[in-house]
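Note sheet for the following structure.
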Amino acid sequence: MTSGLWELVLRGVWTTVQLLVLSALLASAVSFAVGIARTDRRRFVRFLAGLYTEVFRGTSALVMIFWVFFVLPLAFGWQLVPLWAGTLALGLTYGAYGSEIVRGALNAVDPAQREGGIALGFTRWQRLRLILLPQAVPEMVPPFSNLLIELLKGTALVSVMGMGDLAFSANLVRLALQQSAEIYTYVLIVYFVIAFGLTRMMRSLEKRLKAGLGQGPVPEPAVRESESAGASKAGGAA
């Protein structure tokens with residue numbers, strides 16, 4: 001490829017990274033807001049949060065991008081630039097999936113922890129901030145890591161708006177060179193490298209958060225060793 005075509009691909013990579021970061025930030029905010037609302041005592045709040053989750057989980061991210069980019073201007077008379085339209089559509093869509101992760105992690109905290117907060121006279125928000133979230137967030141990291149990778153792959157959908165992301169730029173280069181195999185192999189490698197970096201980053205975050213609670217991921221060989229040792233002891237006792 002010529003230097004101009006490489007520059008086009010690199011600009012596409014940068015656009016994809018920008019879109020990933022912005023939509024991930026929006027999705028995170030939506031996930032925690034809606035996920036916490038789904039554990040609220042008030043039925044009306046839970047209903048609204050559940051309605052949002054069901055609507056955005058039940059619709060296609062691609063159709064949502066079309067709706068934000070093409071329907072909103074007709075309905076409200078203002079047009080979002082492709083970057084912000086993609087950010088809004090992906091952030092709201094993947095935030096609905098993330099809200100279920102937050103809700104599940106909060107509900108998985110031992111009820112005795114909540115009761116202890118009530119006994120200490122903490123308000124609901126104090127219990128949430130000081131007791132529930134510090135224990136629930138480390139358990140959210142692995143599923144959030146998977147969701148982040150899915151979001152990375154979902155950024156390719158914005159190419160339908162003519163946005164110069166990695167997928168759109170690669171298609172332009174393919175049309176210019178008529179070399180589909182080579183170009184799309186490069187694209188696969190770039191997506192894999194970004195995804196691998198995100199996975200390592202989230203794994204490191206999980207270790208740090210669990211270390212703050214005095215926990216840590218147990219290596220699989222150690223688990224098997226302890227299980228076999230327990231089985232042999234049980235056999236000896238028998």
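To be explicit about the labels: the chains of the structure tokens are called A, B, and onward in the order shown, and within each one the residues are counted from 1, while ligands get numbers from 1 in the order they are shown.
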
Mind running range 132-194 of chain A against range 112-125 of chain A at 12 Å and telling me each contacting residue's nearest atom pair with the distance in Å (one decimal), counting only C-alpha atoms, chain and number ascending, as JSON lines?
{"residue": "A:Leu132", "atom": "CA", "partner": "A:Arg114", "partner_atom": "CA", "distance": 7.5}
{"residue": "A:Leu133", "atom": "CA", "partner": "A:Trp125", "partner_atom": "CA", "distance": 10.3}
{"residue": "A:Pro134", "atom": "CA", "partner": "A:Gln113", "partner_atom": "CA", "distance": 11.5}
{"residue": "A:Gln135", "atom": "CA", "partner": "A:Gln113", "partner_atom": "CA", "distance": 9.7}
{"residue": "A:Ala136", "atom": "CA", "partner": "A:Gln113", "partner_atom": "CA", "distance": 11.5}

Which residues of range 3-41 of chain A come within 8 Å of range 149-164 of chain A, and for each one, what is the closest pair of atoms and their distance in Å to one decimal, counting only C-alpha atoms, sorted by chain and residue number, as a tab-separated table?
residue	atom	partner	partner_atom	distance
A:Arg11	CA	A:Gly164	CA	7.7
A:Gly12	CA	A:Gly164	CA	5.6
A:Thr15	CA	A:Gly164	CA	6.8
A:Thr16	CA	A:Thr155	CA	6.6
A:Leu19	CA	A:Thr155	CA	7.0
A:Leu20	CA	A:Leu152	CA	6.0
A:Ala24	CA	A:Leu151	CA	7.6

Just want the 10 Å neighbourhood of Trp67 in chain A, counted on only C-alpha atoms, with same-chain residues fewer than 5 positions away dropped. Output as a JSON list (two decimals) with C-alpha atoms, in the first residue's frame.
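As a result, selection-v6.json now contains:
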[["chain", "number", "residue", "atom", "x", "y", "z"],
["A", 61, "ALA", "CA", -27.75, -1.56, 17.43],
["A", 62, "LEU", "CA", -27.60, -1.04, 13.67],
["A", 72, "LEU", "CA", -33.78, 12.42, 14.83],
["A", 73, "PRO", "CA", -33.10, 15.21, 12.28],
["A", 85, "ALA", "CA", -24.55, 9.85, 16.65],
["A", 89, "ALA", "CA", -26.55, 4.90, 19.73]]

For Ala33 in chain A, work out the shell of residues within 12 Å, counting only C-alpha atoms and skipping chain neighbours fewer than 6 positions away, then give it as a PDB file with N, CA and C atoms, in the first residue's frame.
ATOM      1  N   LEU A  26     -20.101   6.563  27.998  1.00  0.00           N
ATOM      2  CA  LEU A  26     -21.553   6.740  28.074  1.00  0.00           C
ATOM      3  C   LEU A  26     -22.230   5.454  28.536  1.00  0.00           C
ATOM      4  N   ALA A  27     -21.808   4.314  28.004  1.00  0.00           N
ATOM      5  CA  ALA A  27     -22.399   3.039  28.394  1.00  0.00           C
ATOM      6  C   ALA A  27     -22.171   2.756  29.874  1.00  0.00           C
ATOM      7  N   THR A  39     -32.597  -1.669  41.303  1.00  0.00           N
ATOM      8  CA  THR A  39     -32.626  -2.209  42.668  1.00  0.00           C
ATOM      9  C   THR A  39     -33.315  -1.255  43.642  1.00  0.00           C
ATOM     10  N   ASP A  40     -33.913  -0.190  43.109  1.00  0.00           N
ATOM     11  CA  ASP A  40     -34.563   0.811  43.958  1.00  0.00           C
ATOM     12  C   ASP A  40     -35.801   0.239  44.634  1.00  0.00           C
ATOM     13  N   VAL A  45     -39.722   3.577  39.796  1.00  0.00           N
ATOM     14  CA  VAL A  45     -38.340   3.724  39.329  1.00  0.00           C
ATOM     15  C   VAL A  45     -37.860   2.420  38.706  1.00  0.00           C
ATOM     16  N   ARG A  46     -38.166   1.306  39.362  1.00  0.00           N
ATOM     17  CA  ARG A  46     -37.781  -0.003  38.816  1.00  0.00           C
ATOM     18  C   ARG A  46     -38.457  -0.261  37.475  1.00  0.00           C
ATOM     19  N   LEU A  48     -39.467   2.017  35.200  1.00  0.00           N
ATOM     20  CA  LEU A  48     -38.860   2.836  34.149  1.00  0.00           C
ATOM     21  C   LEU A  48     -37.492   2.280  33.740  1.00  0.00           C
ATOM     22  N   ALA A  49     -36.702   1.877  34.734  1.00  0.00           N
ATOM     23  CA  ALA A  49     -35.386   1.313  34.422  1.00  0.00           C
ATOM     24  C   ALA A  49     -35.527   0.005  33.652  1.00  0.00           C
ATOM     25  N   GLY A  50     -36.481  -0.836  34.062  1.00  0.00           N
ATOM     26  CA  GLY A  50     -36.699  -2.092  33.360  1.00  0.00           C
ATOM     27  C   GLY A  50     -37.206  -1.871  31.948  1.00  0.00           C
ATOM     28  N   TYR A  52     -36.565   0.749  30.005  1.00  0.00           N
ATOM     29  CA  TYR A  52     -35.414   1.180  29.199  1.00  0.00           C
ATOM     30  C   TYR A  52     -34.555  -0.022  28.804  1.00  0.00           C
ATOM     31  N   THR A  53     -34.282  -0.889  29.770  1.00  0.00           N
ATOM     32  CA  THR A  53     -33.436  -2.051  29.506  1.00  0.00           C
ATOM     33  C   THR A  53     -34.041  -2.945  28.438  1.00  0.00           C
ATOM     34  N   LEU A  92     -26.072   3.992  24.471  1.00  0.00           N
ATOM     35  CA  LEU A  92     -27.381   3.657  25.029  1.00  0.00           C
ATOM     36  C   LEU A  92     -27.696   2.172  24.874  1.00  0.00           C
ATOM     37  N   GLY A  95     -25.236   0.163  27.097  1.00  0.00           N
ATOM     38  CA  GLY A  95     -25.521   0.504  28.486  1.00  0.00           C
ATOM     39  C   GLY A  95     -26.670  -0.309  29.049  1.00  0.00           C
ATOM     40  N   ALA A  96     -27.621  -0.686  28.173  1.00  0.00           N
ATOM     41  CA  ALA A  96     -28.736  -1.521  28.625  1.00  0.00           C
ATOM     42  C   ALA A  96     -28.244  -2.900  29.039  1.00  0.00           C
ATOM     43  N   GLY A  98     -25.155  -3.503  30.066  1.00  0.00           N
ATOM     44  CA  GLY A  98     -24.346  -3.287  31.260  1.00  0.00           C
ATOM     45  C   GLY A  98     -25.179  -3.096  32.513  1.00  0.00           C
ATOM     46  N   SER A  99     -26.382  -2.545  32.367  1.00  0.00           N
ATOM     47  CA  SER A  99     -27.228  -2.337  33.549  1.00  0.00           C
ATOM     48  C   SER A  99     -27.605  -3.656  34.205  1.00  0.00           C
ATOM     49  N   GLU A 100     -27.754  -4.708  33.406  1.00  0.00           N
ATOM     50  CA  GLU A 100     -28.055  -6.017  33.971  1.00  0.00           C
ATOM     51  C   GLU A 100     -26.859  -6.576  34.741  1.00  0.00           C
ATOM     52  N   ILE A 101     -25.653  -6.267  34.280  1.00  0.00           N
ATOM     53  CA  ILE A 101     -24.451  -6.681  35.010  1.00  0.00           C
ATOM     54  C   ILE A 101     -24.408  -6.006  36.370  1.00  0.00           C
ATOM     55  N   VAL A 102     -24.691  -4.704  36.390  1.00  0.00           N
ATOM     56  CA  VAL A 102     -24.674  -3.953  37.651  1.00  0.00           C
ATOM     57  C   VAL A 102     -25.764  -4.467  38.587  1.00  0.00           C
ATOM     58  N   ARG A 103     -26.960  -4.657  38.063  1.00  0.00           N
ATOM     59  CA  ARG A 103     -28.062  -5.148  38.905  1.00  0.00           C
ATOM     60  C   ARG A 103     -27.744  -6.520  39.495  1.00  0.00           C
TER      61      ARG A 103
END

Practice problem: Fewer than 6 positions away in the same chain doesn't count, so skip those; otherwise give me all residues within 9 Å of Arg57 in chain A, counting only C-alpha atoms, as a list of chain:residue names. | Solution: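 Here the qualifying residues turn out to be A:Thr93, A:Tyr94, A:Ala96, A:Tyr97.
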
Write a file of the selected residues as a short mmCIF file (atom, residue, chain, number, x, y, z; two decimals), in the first residue's frame, keeping N, CA and C atoms.
data_model
loop_
_atom_site.label_atom_id
_atom_site.label_comp_id
_atom_site.auth_asym_id
_atom_site.auth_seq_id
_atom_site.Cartn_x
_atom_site.Cartn_y
_atom_site.Cartn_z
N THR A 93 -27.31 1.60 23.73
CA THR A 93 -27.60 0.18 23.50
C THR A 93 -26.81 -0.72 24.42
N TYR A 94 -25.50 -0.53 24.48
CA TYR A 94 -24.66 -1.40 25.31
C TYR A 94 -24.79 -1.05 26.79
N ALA A 96 -27.62 -0.69 28.17
CA ALA A 96 -28.74 -1.52 28.62
C ALA A 96 -28.24 -2.90 29.04
N TYR A 97 -27.30 -3.45 28.29
CA TYR A 97 -26.71 -4.74 28.67
C TYR A 97 -25.90 -4.60 29.96
#

Practice problem: Please measure the separation of CA of Leu147 in chain A and CA of Leu25 in chain A, giving the value in Å to one decimal. | Solution: 12.6 Å

Exercise. Show which residues sit within 9 Å of Leu22 in chain A, as an NGL selection string. Count only C-alpha atoms, and ignore same-chain residues fewer than 4 positions away.
Key: :A and (17-18 or 26-27 or 84 or 87-88 or 91)

Practice problem: May I ask which of the residues A:Val141, A:Ala75, A:Leu130, A:Met64 is the closest one to Ser204 in chain A, counting only C-alpha atoms? | Solution: A:Val141
